Amino acid sequence: MYITIRAVEVVRAPPERLGDDLQVVVKEMLREKLEGRMDKKIGMFIAIQDVVDIKEGRIMIGDAGVYYETVFDALVFRPKMQEIVEGNVVEIVEFGAFVEIGPLDGLLHISQITDEYISYDEKGVKLVTKDTGRTLGEGDKLRARIVAISLNESDPGDSKIGLTMRQPGLGKLEWVEEEREKEKEKEKEKKKE
């Protein structure tokens with residue numbers, strides 16, 4: 001999910017900043033250029049951590065700025081297929097729930113929540129299971145698995161991450177704990193026999 005990478009990027013130092021500390025200027029330019037940007041192979045740049053190396057600067061004809069090839073470390077958000085994630089429900093809609101997982105939201109479609117039939121309670125803004133009466137609403141914490149990823153480089157907010165909770169150990173954290181307690185009770189009953 002979150003990883004630190006070492007990358008290389010060419011950064012332009014503007015002419016008005018050429019007398020300033022080069023390390024500081026390059027780091028600021030990297031932040032301006034990359035933080036919040038999405039790259040399909042790398043992921044979303046969250047923070048520029050350290051500038052490791054700055055090569056000799058180059059000047060281009062007609063440009064008063066200086067270009068520096070820079071090696072740096074960055075914190076990146078990179079969702080992976082089949083990864084187990086925990087997040088908070090930020091919105092309930094008729095067709096499912098949007099879950100905040102890091103800087104992006106994933107969609108938990110209504111068909112991927114549980115094996116039970118689920119209805120949408122418009123008044124209470126929650127999803128309700130038919131048999132057990134369990135509810136899923138805004139603010140609930142859950143554990144899910146990533147089953148689809150479509151990252152959008154030009155508009156990171158339009159990226160799509162599909163989630164599922166239809167496996168043991170996944171679900172609203174309260175449901176997972178309830179299932180764990182049921183398993184403990186079954187084990188106790190087996191030992192008594």
# chains A, B, ... in the order shown; residues from 1 in each chain; ligands from 1

call {"tool": "select_by_dssp", "arguments": {"residues": "segment 24-181 of chain A", "states": "alpha helix (DSSP H)", "output": "PyMOL selection string"}}
result
chain A and resi 24-34+173-181

call {"tool": "residues_around", "arguments": {"residues": "Glu9 of chain A", "least_positions_apart": "5", "cutoff": "7 Å", "atoms": "only C-alpha atoms", "output": "CSV table (one decimal) with N, CA and C atoms, in the first residue's frame"}}
result
chain,number,residue,atom,x,y,z
A,69,GLU,N,19.3,16.9,-12.9
A,69,GLU,CA,18.8,15.5,-12.7
A,69,GLU,C,19.0,15.2,-11.2
A,70,THR,N,18.0,14.7,-10.6
A,70,THR,CA,17.9,14.5,-9.2
A,70,THR,C,17.5,13.1,-8.8
A,71,VAL,N,18.2,12.5,-7.8
A,71,VAL,CA,17.8,11.2,-7.3
A,71,VAL,C,17.2,11.5,-5.9

call {"tool": "closest_residue", "arguments": {"among": "A:Asp63, A:Lys130, A:Leu107, A:Leu151", "to": "Lys80 of chain A", "atoms": "only C-alpha atoms"}}
result
A:Leu151

call {"tool": "closest_residue", "arguments": {"among": "A:Thr4, A:Asn152, A:Gln167, A:Thr114", "to": "Leu127 of chain A", "atoms": "only C-alpha atoms"}}
result
A:Thr114

call {"tool": "closest_atom_pairs", "arguments": {"of": "segment 97-154 of chain A", "to": "segment 20-43 of chain A", "cutoff": "12 Å", "atoms": "only C-alpha atoms", "output": "JSON lines"}}
result
{"residue": "A:Gly102", "atom": "CA", "partner": "A:Gly43", "partner_atom": "CA", "distance": 11.9}
{"residue": "A:Pro103", "atom": "CA", "partner": "A:Gly36", "partner_atom": "CA", "distance": 9.0}
{"residue": "A:Leu104", "atom": "CA", "partner": "A:Gly36", "partner_atom": "CA", "distance": 10.9}
{"residue": "A:Ile149", "atom": "CA", "partner": "A:Lys40", "partner_atom": "CA", "distance": 10.0}
{"residue": "A:Ser150", "atom": "CA", "partner": "A:Lys40", "partner_atom": "CA", "distance": 8.6}
{"residue": "A:Leu151", "atom": "CA", "partner": "A:Lys40", "partner_atom": "CA", "distance": 6.0}
{"residue": "A:Asn152", "atom": "CA", "partner": "A:Met38", "partner_atom": "CA", "distance": 7.1}
{"residue": "A:Glu153", "atom": "CA", "partner": "A:Met38", "partner_atom": "CA", "distance": 4.8}
{"residue": "A:Ser154", "atom": "CA", "partner": "A:Met38", "partner_atom": "CA", "distance": 7.5}
